[in-house]
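Content type PDB, C-alpha atoms, from the file final17.pdb:
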MODEL        1
ATOM      1  CA  MET J 116     -30.903  -2.195  15.463
ATOM      2  CA  SER J 117     -29.415  -1.570  18.895
ATOM      3  CA  SER J 118     -30.713   1.425  20.801
ATOM      4  CA  THR J 119     -27.207   2.648  21.624
ATOM      5  CA  PRO J 120     -27.305   6.368  20.822
ATOM      6  CA  LEU J 121     -25.192   7.332  17.837
ATOM      7  CA  THR J 122     -24.097  10.945  18.068
ATOM      8  CA  LEU J 123     -21.917  12.674  15.503
ATOM      9  CA  SER J 124     -18.814  12.322  17.674
ATOM     10  CA  SER J 125     -19.464   8.654  18.461
ATOM     11  CA  LEU J 126     -19.978   7.997  14.734
ATOM     12  CA  ALA J 127     -16.661   9.711  13.993
ATOM     13  CA  GLU J 128     -14.937   7.716  16.744
ATOM     14  CA  ALA J 129     -16.509   4.435  15.595
ATOM     15  CA  VAL J 130     -15.350   4.926  12.001
ATOM     16  CA  ALA J 131     -11.905   6.110  13.107
ATOM     17  CA  ALA J 132     -11.543   3.011  15.315
ATOM     18  CA  ALA J 133     -12.628   0.748  12.435
ATOM     19  CA  ILE J 134     -10.081   2.391  10.112
ATOM     20  CA  THR J 135      -7.344   2.013  12.733
ATOM     21  CA  GLU J 136      -8.194  -1.677  13.118
ATOM     22  CA  ALA J 137      -8.209  -2.198   9.335
ATOM     23  CA  GLN J 138      -4.877  -0.370   9.058
ATOM     24  CA  ALA J 139      -3.384  -2.589  11.780
ATOM     25  CA  ARG J 140      -4.312  -5.669   9.728
ATOM     26  CA  ILE J 141      -2.699  -4.180   6.610
ATOM     27  CA  ASP J 142       0.418  -3.285   8.624
ATOM     28  CA  ALA J 143       0.652  -6.873   9.914
ATOM     29  CA  ALA J 144       0.291  -8.245   6.365
ATOM     30  CA  GLN J 145       2.926  -5.815   5.109
ATOM     31  CA  ARG J 146       5.333  -6.869   7.866
ATOM     32  CA  ALA J 147       4.699 -10.525   7.015
ATOM     33  CA  ASP J 148       5.518  -9.760   3.377
ATOM     34  CA  LEU J 149       9.074  -8.905   4.452
ATOM     35  CA  GLU J 150       9.618 -12.664   4.817
ATOM     36  CA  ARG J 151       9.967 -12.763   1.036
ATOM     37  CA  PHE J 152      13.153 -10.758   1.475
ATOM     38  CA  ILE J 153      14.584 -12.107   4.758
ATOM     39  CA  ASP J 154      15.435 -15.771   5.350
ATOM     40  CA  GLU J 155      14.715 -17.807   8.473
ATOM     41  CA  ASN J 156      18.101 -16.792   9.947
ATOM     42  CA  GLY J 157      17.357 -13.105   9.545
ATOM     43  CA  ARG J 158      19.683 -12.690   6.591
ATOM     44  CA  PRO J 159      18.576 -10.889   3.450
ATOM     45  CA  ARG J 160      17.602 -13.180   0.586
ATOM     46  CA  ALA J 161      19.813 -12.342  -2.357
ATOM     47  CA  LEU J 162      20.603 -13.023  -5.955
ATOM     48  CA  THR J 163      24.088 -14.518  -6.112
ATOM     49  CA  VAL J 164      25.716 -12.968  -9.131
ATOM     50  CA  ARG J 165      29.140 -13.237 -10.770
ATOM     51  CA  LEU J 166      30.329  -9.763 -11.641
ATOM     52  CA  PRO J 167      33.392  -8.776 -13.652
ATOM     53  CA  GLY J 168      35.904  -6.620 -11.756
ATOM     54  CA  PRO J 169      39.453  -5.271 -12.106
ATOM     55  CA  ASP J 170      40.850  -8.293 -10.236
ATOM     56  CA  GLY J 171      38.794 -10.808 -12.130
ATOM     57  CA  GLU J 172      35.308 -12.102 -11.667
ATOM     58  CA  LYS J 173      33.866 -12.105  -8.171
ATOM     59  CA  VAL J 174      30.684 -13.425  -6.638
ATOM     60  CA  VAL J 175      28.373 -10.895  -5.019
ATOM     61  CA  ASP J 176      25.117 -11.434  -3.136
ATOM     62  CA  ILE J 177      22.697  -8.669  -4.120
ATOM     63  CA  PRO J 178      19.800  -8.369  -1.624
ATOM     64  CA  LEU J 179      16.370  -8.728  -3.240
ATOM     65  CA  LEU J 180      15.270  -5.730  -1.171
ATOM     66  CA  SER J 181      17.485  -3.515  -3.309
ATOM     67  CA  PHE J 182      15.554  -4.545  -6.438
ATOM     68  CA  ALA J 183      11.984  -4.116  -5.218
ATOM     69  CA  ALA J 184      11.685  -2.769  -1.679
ATOM     70  CA  PRO J 185       8.118  -3.114  -0.385
ATOM     71  CA  THR J 186       6.371   0.193   0.174
ATOM     72  CA  ALA J 187       3.626   0.809   2.709
ATOM     73  CA  LEU J 188      -0.061   1.291   1.972
ATOM     74  CA  ARG J 189      -1.716   3.661   4.457
ATOM     75  CA  VAL J 190      -5.241   4.956   4.825
ATOM     76  CA  THR J 191      -5.080   8.718   4.387
ATOM     77  CA  GLU J 192      -8.684   9.805   4.654
ATOM     78  CA  ALA J 193     -12.287   8.707   4.891
ATOM     79  CA  THR J 194     -15.367  10.661   3.926
ATOM     80  CA  LEU J 195     -18.806   9.824   5.300
ATOM     81  CA  GLU J 196     -21.921  11.260   3.778
ATOM     82  CA  PHE J 197     -25.388  10.741   5.201
ATOM     83  CA  GLU J 198     -28.759  12.360   5.294
ATOM     84  CA  ILE J 199     -29.925  14.067   8.437
ATOM     85  CA  ASP J 200     -33.166  15.702   9.422
ATOM     86  CA  PRO J 201     -32.499  19.432   9.898
ATOM     87  CA  ALA J 202     -34.352  19.203  13.220
ATOM     88  CA  ASP J 203     -31.750  16.722  14.449
ATOM     89  CA  LEU J 204     -29.021  19.291  13.958
ATOM     90  CA  VAL J 205     -30.251  20.995  17.112
ATOM     91  CA  LEU J 206     -30.417  17.656  18.900
ATOM     92  CA  LEU J 207     -26.836  16.856  18.060
ATOM     93  CA  GLY J 208     -25.970  19.231  20.882
ATOM     94  CA  GLU J 209     -22.276  19.217  20.165
ATOM     95  CA  SER J 210     -19.808  21.388  18.407
ATOM     96  CA  VAL J 211     -18.077  20.137  15.310
ATOM     97  CA  ALA J 212     -14.887  21.456  16.922
ATOM     98  CA  ASP J 213     -15.335  18.807  19.620
ATOM     99  CA  LEU J 214     -14.816  15.981  17.111
ATOM    100  CA  THR J 215     -11.449  14.573  18.084
ATOM    101  CA  PRO J 216     -11.264  10.905  17.060
ATOM    102  CA  ASP J 217      -7.953   9.382  18.030
ATOM    103  CA  GLY J 218      -5.349   9.695  15.264
ATOM    104  CA  PHE J 219      -7.554  11.691  12.902
ATOM    105  CA  ALA J 220      -8.479  15.288  12.180
ATOM    106  CA  ALA J 221     -12.243  15.588  11.663
ATOM    107  CA  HIS J 222     -14.137  18.116   9.558
ATOM    108  CA  ALA J 223     -17.929  18.209   9.276
ATOM    109  CA  THR J 224     -20.121  20.234   6.937
ATOM    110  CA  VAL J 225     -23.882  20.334   6.468
ATOM    111  CA  THR J 226     -25.510  20.998   3.113
ATOM    112  CA  PRO J 227     -29.189  21.988   3.546
ATOM    113  CA  GLY J 228     -31.865  20.228   1.499
ATOM    114  CA  ALA J 229     -33.010  21.963  -1.655
ATOM    115  CA  ASP J 230     -36.377  23.154  -0.380
ATOM    116  CA  GLY J 231     -35.992  23.059   3.369
ATOM    117  CA  ARG J 232     -38.179  19.945   3.667
ATOM    118  CA  LYS J 233     -35.759  17.476   2.250
ATOM    119  CA  PRO J 234     -33.164  16.068   4.610
ATOM    120  CA  ALA J 235     -29.864  17.870   4.813
ATOM    121  CA  THR J 236     -26.656  16.090   3.867
ATOM    122  CA  MET J 237     -23.910  15.885   6.436
ATOM    123  CA  THR J 238     -20.377  15.238   5.262
ATOM    124  CA  LEU J 239     -17.832  14.084   7.803
ATOM    125  CA  ARG J 240     -14.230  13.898   6.663
ATOM    126  CA  LEU J 241     -11.562  12.128   8.692
ATOM    127  CA  GLU J 242      -7.955  12.787   7.759
ATOM    128  CA  ALA J 243      -5.353  10.436   9.179
ATOM    129  CA  ILE J 244      -2.673  12.282  11.112
ATOM    130  CA  PRO J 245       0.673  10.967   9.873
ATOM    131  CA  ALA J 246       2.784   9.318  12.552
ATOM    132  CA  PRO J 247       5.788  11.430  13.532
ATOM    133  CA  ALA J 248       9.015  10.344  11.887
ATOM    134  CA  ALA J 249      11.181   8.155  14.067
ATOM    135  CA  ASN J 250      14.309   9.784  15.450
ATOM    136  CA  THR J 251      17.404   8.513  13.695
TER     137      THR J 251
ATOM    138  CA  MET R 141     -34.362 -23.318   4.308
ATOM    139  CA  SER R 142     -31.636 -21.931   2.105
ATOM    140  CA  GLU R 143     -28.342 -20.756   3.582
ATOM    141  CA  PRO R 144     -28.032 -16.992   3.988
ATOM    142  CA  ASP R 145     -25.882 -15.308   1.374
ATOM    143  CA  PRO R 146     -22.549 -14.552   3.128
ATOM    144  CA  ALA R 147     -22.265 -11.344   1.126
ATOM    145  CA  ARG R 148     -25.527 -10.209   2.688
ATOM    146  CA  GLN R 149     -24.544 -10.909   6.278
ATOM    147  CA  SER R 150     -23.945  -8.042   8.613
ATOM    148  CA  ARG R 151     -20.235  -7.630   9.391
ATOM    149  CA  PRO R 152     -18.135  -5.333  11.572
ATOM    150  CA  LEU R 153     -17.161  -2.102   9.840
ATOM    151  CA  ALA R 154     -13.454  -2.871  10.379
ATOM    152  CA  ASP R 155     -13.886  -6.062   8.298
ATOM    153  CA  LEU R 156     -15.733  -4.187   5.562
ATOM    154  CA  LEU R 157     -12.883  -1.651   5.382
ATOM    155  CA  ALA R 158     -10.035  -4.158   5.737
ATOM    156  CA  ASP R 159     -11.145  -6.633   3.045
ATOM    157  CA  PRO R 160     -10.639  -4.388  -0.007
ATOM    158  CA  LEU R 161      -7.431  -2.983   1.491
ATOM    159  CA  MET R 162      -6.108  -6.521   1.982
ATOM    160  CA  ALA R 163      -7.041  -7.300  -1.633
ATOM    161  CA  ALA R 164      -5.053  -4.254  -2.768
ATOM    162  CA  HIS R 165      -2.120  -5.364  -0.610
ATOM    163  CA  ALA R 166      -2.236  -8.886  -2.097
ATOM    164  CA  ALA R 167      -2.219  -7.404  -5.606
ATOM    165  CA  ARG R 168       0.759  -5.213  -4.713
ATOM    166  CA  VAL R 169       2.674  -8.247  -3.432
ATOM    167  CA  GLU R 170       1.965 -10.149  -6.670
ATOM    168  CA  ILE R 171       3.146  -7.198  -8.749
ATOM    169  CA  SER R 172       6.298  -6.866  -6.647
ATOM    170  CA  GLN R 173       7.051 -10.581  -7.050
ATOM    171  CA  ALA R 174       6.481 -10.327 -10.805
ATOM    172  CA  THR R 175       8.999  -7.473 -10.913
ATOM    173  CA  LEU R 176      11.577  -9.570  -9.047
ATOM    174  CA  ASP R 177      10.971 -12.508 -11.389
ATOM    175  CA  TYR R 178      11.340 -10.202 -14.384
ATOM    176  CA  ILE R 179      14.659  -8.861 -13.102
ATOM    177  CA  ARG R 180      15.900 -12.379 -12.364
ATOM    178  CA  THR R 181      14.987 -13.831 -15.766
ATOM    179  CA  THR R 182      15.627 -10.814 -17.993
ATOM    180  CA  GLY R 183      18.703  -9.433 -16.279
ATOM    181  CA  PHE R 184      20.534 -12.616 -15.324
ATOM    182  CA  GLU R 185      21.206 -16.132 -16.534
ATOM    183  CA  PRO R 186      22.623 -19.211 -14.804
ATOM    184  CA  THR R 187      26.357 -19.756 -14.955
ATOM    185  CA  ALA R 188      27.787 -23.015 -16.273
ATOM    186  CA  ASP R 189      28.450 -24.350 -12.752
ATOM    187  CA  GLY R 190      24.956 -23.333 -11.686
ATOM    188  CA  ASP R 191      25.949 -21.865  -8.312
ATOM    189  CA  ALA R 192      25.409 -18.264  -9.276
ATOM    190  CA  LEU R 193      23.884 -16.027 -11.897
ATOM    191  CA  GLN R 194      25.674 -13.839 -14.335
ATOM    192  CA  ALA R 195      24.441 -10.670 -15.910
ATOM    193  CA  ARG R 196      22.738 -11.365 -19.213
ATOM    194  CA  THR R 197      24.437  -9.158 -21.769
ATOM    195  CA  VAL R 198      23.960  -8.067 -25.329
ATOM    196  CA  GLU R 199      27.142  -7.706 -27.326
ATOM    197  CA  PHE R 200      27.526  -4.631 -29.464
ATOM    198  CA  GLU R 201      30.175  -4.460 -32.166
ATOM    199  CA  PHE R 202      31.082  -1.281 -33.941
ATOM    200  CA  THR R 203      33.920   0.328 -35.864
ATOM    201  CA  ARG R 204      35.485   3.598 -34.824
ATOM    202  CA  PRO R 205      38.387   5.771 -36.027
ATOM    203  CA  ALA R 206      41.730   4.802 -34.441
ATOM    204  CA  GLY R 207      43.935   7.705 -35.505
ATOM    205  CA  PRO R 208      46.259   8.136 -38.462
ATOM    206  CA  GLY R 209      48.294   5.234 -39.788
ATOM    207  CA  PRO R 210      51.961   5.347 -40.927
ATOM    208  CA  ASP R 211      50.896   6.458 -44.395
ATOM    209  CA  GLY R 212      48.618   9.168 -43.064
ATOM    210  CA  GLN R 213      45.427   7.293 -43.753
ATOM    211  CA  ILE R 214      42.793   7.116 -41.012
ATOM    212  CA  LEU R 215      42.812   3.713 -39.344
ATOM    213  CA  SER R 216      39.774   2.102 -37.873
ATOM    214  CA  GLU R 217      39.298  -0.442 -35.138
ATOM    215  CA  THR R 218      36.476  -2.795 -34.286
ATOM    216  CA  VAL R 219      35.235  -2.622 -30.730
ATOM    217  CA  LYS R 220      33.107  -5.262 -29.008
ATOM    218  CA  MET R 221      31.237  -4.197 -25.920
ATOM    219  CA  PRO R 222      28.949  -6.317 -23.711
ATOM    220  CA  ILE R 223      26.026  -4.271 -22.389
ATOM    221  CA  PRO R 224      23.990  -5.599 -19.445
ATOM    222  CA  ALA R 225      20.453  -6.391 -20.608
ATOM    223  CA  LEU R 226      18.988  -4.557 -17.618
ATOM    224  CA  ALA R 227      20.771  -1.383 -18.682
ATOM    225  CA  ILE R 228      18.955  -1.275 -22.018
ATOM    226  CA  THR R 229      15.586  -2.645 -20.914
ATOM    227  CA  GLU R 230      12.700  -0.401 -20.026
ATOM    228  CA  MET R 231      12.054  -0.958 -16.315
ATOM    229  CA  SER R 232       8.894   0.680 -15.070
ATOM    230  CA  PRO R 233       7.469  -1.698 -12.498
ATOM    231  CA  LEU R 234       3.738  -1.491 -12.057
ATOM    232  CA  THR R 235       2.387  -0.795  -8.628
ATOM    233  CA  ILE R 236      -0.798   0.398  -6.997
ATOM    234  CA  LYS R 237      -0.232   3.924  -5.715
ATOM    235  CA  ASP R 238      -3.765   4.965  -4.800
ATOM    236  CA  VAL R 239      -6.725   2.981  -3.535
ATOM    237  CA  SER R 240     -10.228   4.418  -3.340
ATOM    238  CA  ILE R 241     -13.015   2.345  -1.811
ATOM    239  CA  ASP R 242     -16.551   3.586  -2.191
ATOM    240  CA  PHE R 243     -19.597   1.882  -0.693
ATOM    241  CA  ALA R 244     -22.810   2.508   1.195
ATOM    242  CA  LEU R 245     -22.965   1.153   4.725
ATOM    243  CA  GLU R 246     -26.357   0.094   6.006
ATOM    244  CA  ILE R 247     -25.863   0.235   9.760
ATOM    245  CA  THR R 248     -27.456  -2.799  11.393
ATOM    246  CA  ALA R 249     -25.862  -2.759  14.848
ATOM    247  CA  VAL R 250     -24.281  -0.218  17.138
ATOM    248  CA  THR R 251     -22.332  -1.919  19.929
ATOM    249  CA  PRO R 252     -21.423   0.155  22.971
ATOM    250  CA  PRO R 253     -17.813   0.211  24.164
ATOM    251  CA  ASP R 254     -16.763  -2.735  26.309
ATOM    252  CA  SER R 255     -15.670  -2.356  29.918
ATOM    253  CA  ASP R 256     -12.149  -1.388  28.785
ATOM    254  CA  GLY R 257     -13.525   1.644  26.977
ATOM    255  CA  GLY R 258     -12.782   2.406  23.356
ATOM    256  CA  ALA R 259     -15.198   3.459  20.652
ATOM    257  CA  ILE R 260     -18.674   2.381  19.720
ATOM    258  CA  ARG R 261     -18.474  -0.420  17.140
ATOM    259  CA  LEU R 262     -20.564  -0.398  13.998
ATOM    260  CA  SER R 263     -21.721  -3.401  12.035
ATOM    261  CA  GLY R 264     -23.611  -3.393   8.819
ATOM    262  CA  LEU R 265     -24.119  -4.427   5.246
ATOM    263  CA  ALA R 266     -22.121  -3.031   2.369
ATOM    264  CA  HIS R 267     -24.011  -1.934  -0.729
ATOM    265  CA  ALA R 268     -22.965  -0.396  -4.010
ATOM    266  CA  SER R 269     -22.413   3.283  -3.342
ATOM    267  CA  ASP R 270     -25.242   4.361  -5.653
ATOM    268  CA  ALA R 271     -27.783   1.856  -4.320
ATOM    269  CA  LEU R 272     -30.936   3.524  -3.108
ATOM    270  CA  PRO R 273     -32.184   2.465   0.324
ATOM    271  CA  PRO R 274     -35.586   0.783   0.335
ATOM    272  CA  PRO R 275     -38.344   2.590   2.241
ATOM    273  CA  GLY R 276     -37.927   2.169   5.989
ATOM    274  CA  ALA R 277     -34.425   0.736   5.624
ATOM    275  CA  ALA R 278     -31.761   1.112   8.259
ATOM    276  CA  PRO R 279     -29.655   4.288   8.188
ATOM    277  CA  ARG R 280     -27.215   4.334   5.330
ATOM    278  CA  VAL R 281     -23.854   6.109   5.255
ATOM    279  CA  HIS R 282     -21.853   6.555   2.078
ATOM    280  CA  ILE R 283     -18.205   5.910   2.842
ATOM    281  CA  THR R 284     -15.231   6.771   0.666
ATOM    282  CA  LEU R 285     -11.940   5.462   1.994
ATOM    283  CA  LYS R 286      -8.655   6.527   0.431
ATOM    284  CA  ALA R 287      -5.289   4.880   0.911
ATOM    285  CA  GLN R 288      -1.959   5.751  -0.615
ATOM    286  CA  ASP R 289       1.433   4.238  -1.152
ATOM    287  CA  VAL R 290       3.527   6.233   1.342
ATOM    288  CA  GLY R 291       6.830   4.731   0.275
ATOM    289  CA  VAL R 292       9.386   2.684   2.122
ATOM    290  CA  SER R 293       9.099   2.912   5.893
ATOM    291  CA  ALA R 294      11.866   4.755   7.733
ATOM    292  CA  GLY R 295      13.077   1.580   9.428
ATOM    293  CA  LEU R 296      13.225  -0.449   6.208
ATOM    294  CA  ASP R 297      14.955   2.436   4.451
ATOM    295  CA  GLN R 298      17.699   2.279   7.099
ATOM    296  CA  VAL R 299      18.060  -1.487   6.564
ATOM    297  CA  ILE R 300      18.378  -1.031   2.794
ATOM    298  CA  HIS R 301      21.089   1.610   3.294
ATOM    299  CA  ILE R 302      22.987  -0.646   5.695
ATOM    300  CA  MET R 303      22.841  -3.501   3.156
ATOM    301  CA  ALA R 304      23.909  -1.229   0.299
ATOM    302  CA  ASP R 305      26.868  -0.016   2.365
ATOM    303  CA  ALA R 306      27.816  -3.609   3.229
ATOM    304  CA  ILE R 307      28.014  -4.902  -0.353
ATOM    305  CA  PRO R 308      31.402  -3.265  -1.254
ATOM    306  CA  HIS R 309      32.909  -4.659   1.982
ATOM    307  CA  ALA R 310      31.562  -8.174   1.570
ATOM    308  CA  PRO R 311      34.339 -10.766   1.342
ATOM    309  CA  SER R 312      35.001 -11.564  -2.274
ATOM    310  CA  ARG R 313      34.301 -15.115  -3.488
ATOM    311  CA  THR R 314      35.828 -16.038  -6.796
TER     312      THR R 314
ENDMDL
END

Could you spell out this file's structure in structure tokens?
Amino acid sequence: MSSTPLTLSSLAEAVAAAITEAQARIDAAQRADLERFIDENGRPRALTVRLPGPDGEKVVDIPLLSFAAPTALRVTEATLEFEIDPADLVLLGESVADLTPDGFAAHATVTPGADGRKPATMTLRLEAIPAPAANT
Amino acid sequence: MSEPDPARQSRPLADLLADPLMAAHAARVEISQATLDYIRTTGFEPTADGDALQARTVEFEFTRPAGPGPDGQILSETVKMPIPALAITEMSPLTIKDVSIDFALEITAVTPPDSDGGAIRLSGLAHASDALPPPGAAPRVHITLKAQDVGVSAGLDQVIHIMADAIPHAPSRT
């Protein structure tokens, strides 16, 4: 394995960046899925339906989007759990409060080993910060 | 020499995270399309001229009181009423609301940021989340990734409203 040092914050940033990249691919696929509902001229694909009305039957184009609008799938959180030598906790040399991966809120906890000799378990939780709603 | 098993090749973490999410997305698209097909075939049927669909209906016929007759007896009338099939059909489209991905990542490479900056990049092998690492194995991180259906995006919601508003004003074709 590479000798690039992997600190707690760089691990958090690396995972956050990987999630962001994965989310970007999902977003692109979800945007591409809209082509099922929009034709090549940018018009909504529709079911053309004859409906009864007070002035007789009329033909109405009902957009497919109104039947089954696609909803978005978004990553909301990731939890990482790994073993760590209690001695390394000192070597981490950084405050958990300093974990600020882009687009995520990070929380880290350490659960000591059962008898002090076993490795401790570190849990790092990344919560995606929802994008602010667009102004309308 | 035999070819290496692709499933055992080290891959970037972004790929390992994206693959199951893309599979969930593909399943959601299939379910959505099945719902559209269901609405099209259950709710509508082709018209005789074939240029449009008409609502598939079920005709109900029942008798109801129609007030007193000239001799004072209670009259009755028979009423026929076409009911759209979609109005009486249970419609609860399936979808995937929550996705939880759980695996153990055996880190095999840590790539420093490139000259443009950014984060360290991890590569590794994905294992079942309860797989025990062999002695002397590379560091292993258990990862649980959660994704949720967050509904229709704000922009698409606006488009749907615009289309819904436009339908009553669309020029009538008879």

* Could you jot down the atom CA of Leu234 of chain R to atom CA of Asp297 of chain R separation for me, Å, one decimal place? =>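 Pair atom CA of Leu234 of chain R / atom CA of Asp297 of chain R returns 20.3 Å.
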
* Asked: For Ile236 of chain R, which of R:Gln173, R:Thr248, R:Gln298, R:Gln288 is the closest residue, counting all atoms listed in the file?
  -> R:Gln288

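For the choices J:Pro234, J:Pro216, J:Pro185, J:Pro227, the atom-to-atom distance to Val292 of chain R is smallest for J:Pro185 when using all atoms listed in the file.
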
* Name the residues in contact with Leu296 of chain R at a cut-off of 12 Å, using only C-alpha atoms, excluding same-chain residues fewer than 6 positions from it; report them as a ChimeraX atom specification. => /J:145-146,149,152-153,180-181,184-187,249 /R:302-303

* atom CA of Lys173 of chain J and atom CA of Gln194 of chain R are how many Å apart? -> 10.4 Å

* To do: Using only C-alpha atoms, pick whichever of J:Val225, J:Leu239, J:Ala246, J:Ala193 has the shortest atom-to-atom distance to chain R.
  =>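 Checking each of J:Val225, J:Leu239, J:Ala246, J:Ala193 against chain R, counting only C-alpha atoms, the winner is J:Ala193.
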
* For the file shown, what are the residues hit by the ChimeraX specification (/R :<6) & /J, laid out as a ChimeraX atom specification? -> /J:116-117,128-129,133,137,163-165,173-174,186-197

* **Ile228 of chain R surroundings by all atoms listed in the file, 12 Å radius, close-in-sequence under 2 positions cut, as a ChimeraX atom specification** => /R:182-183,196-200,222-226,230-231

Within 9 Å of Pro205 of chain R, counting only C-alpha atoms, which residues qualify if same-chain residues fewer than 6 places away don't, as a compact mmCIF listing (two decimals) with C-alpha atoms, keeping the file's coordinate frame?
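Output file out-v7.txt follows:
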# COMPACT_ATOMS: atom_id res chain seq x y z
CA ILE R 214 42.79 7.12 -41.01
CA LEU R 215 42.81 3.71 -39.34
CA SER R 216 39.77 2.10 -37.87
CA GLU R 217 39.30 -0.44 -35.14
CA THR R 218 36.48 -2.80 -34.29

* To do: May I ask for the distance between atom CA of Arg151 of chain J and atom CA of Ala167 of chain R, given in Å to one decimal place?
  =>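 Between atom CA of Arg151 of chain J and atom CA of Ala167 of chain R the gap is 14.9 Å.
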
* To do: Identify which of the residues J:Asp217, J:Asp230, J:Asp170, J:Glu150 lies closest to Ile134 of chain J, counting all atoms listed in the file when measuring atom-to-atom distances.
  =>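 Of J:Asp217, J:Asp230, J:Asp170, J:Glu150, the one nearest Ile134 of chain J, counting all atoms listed in the file, is J:Asp217.
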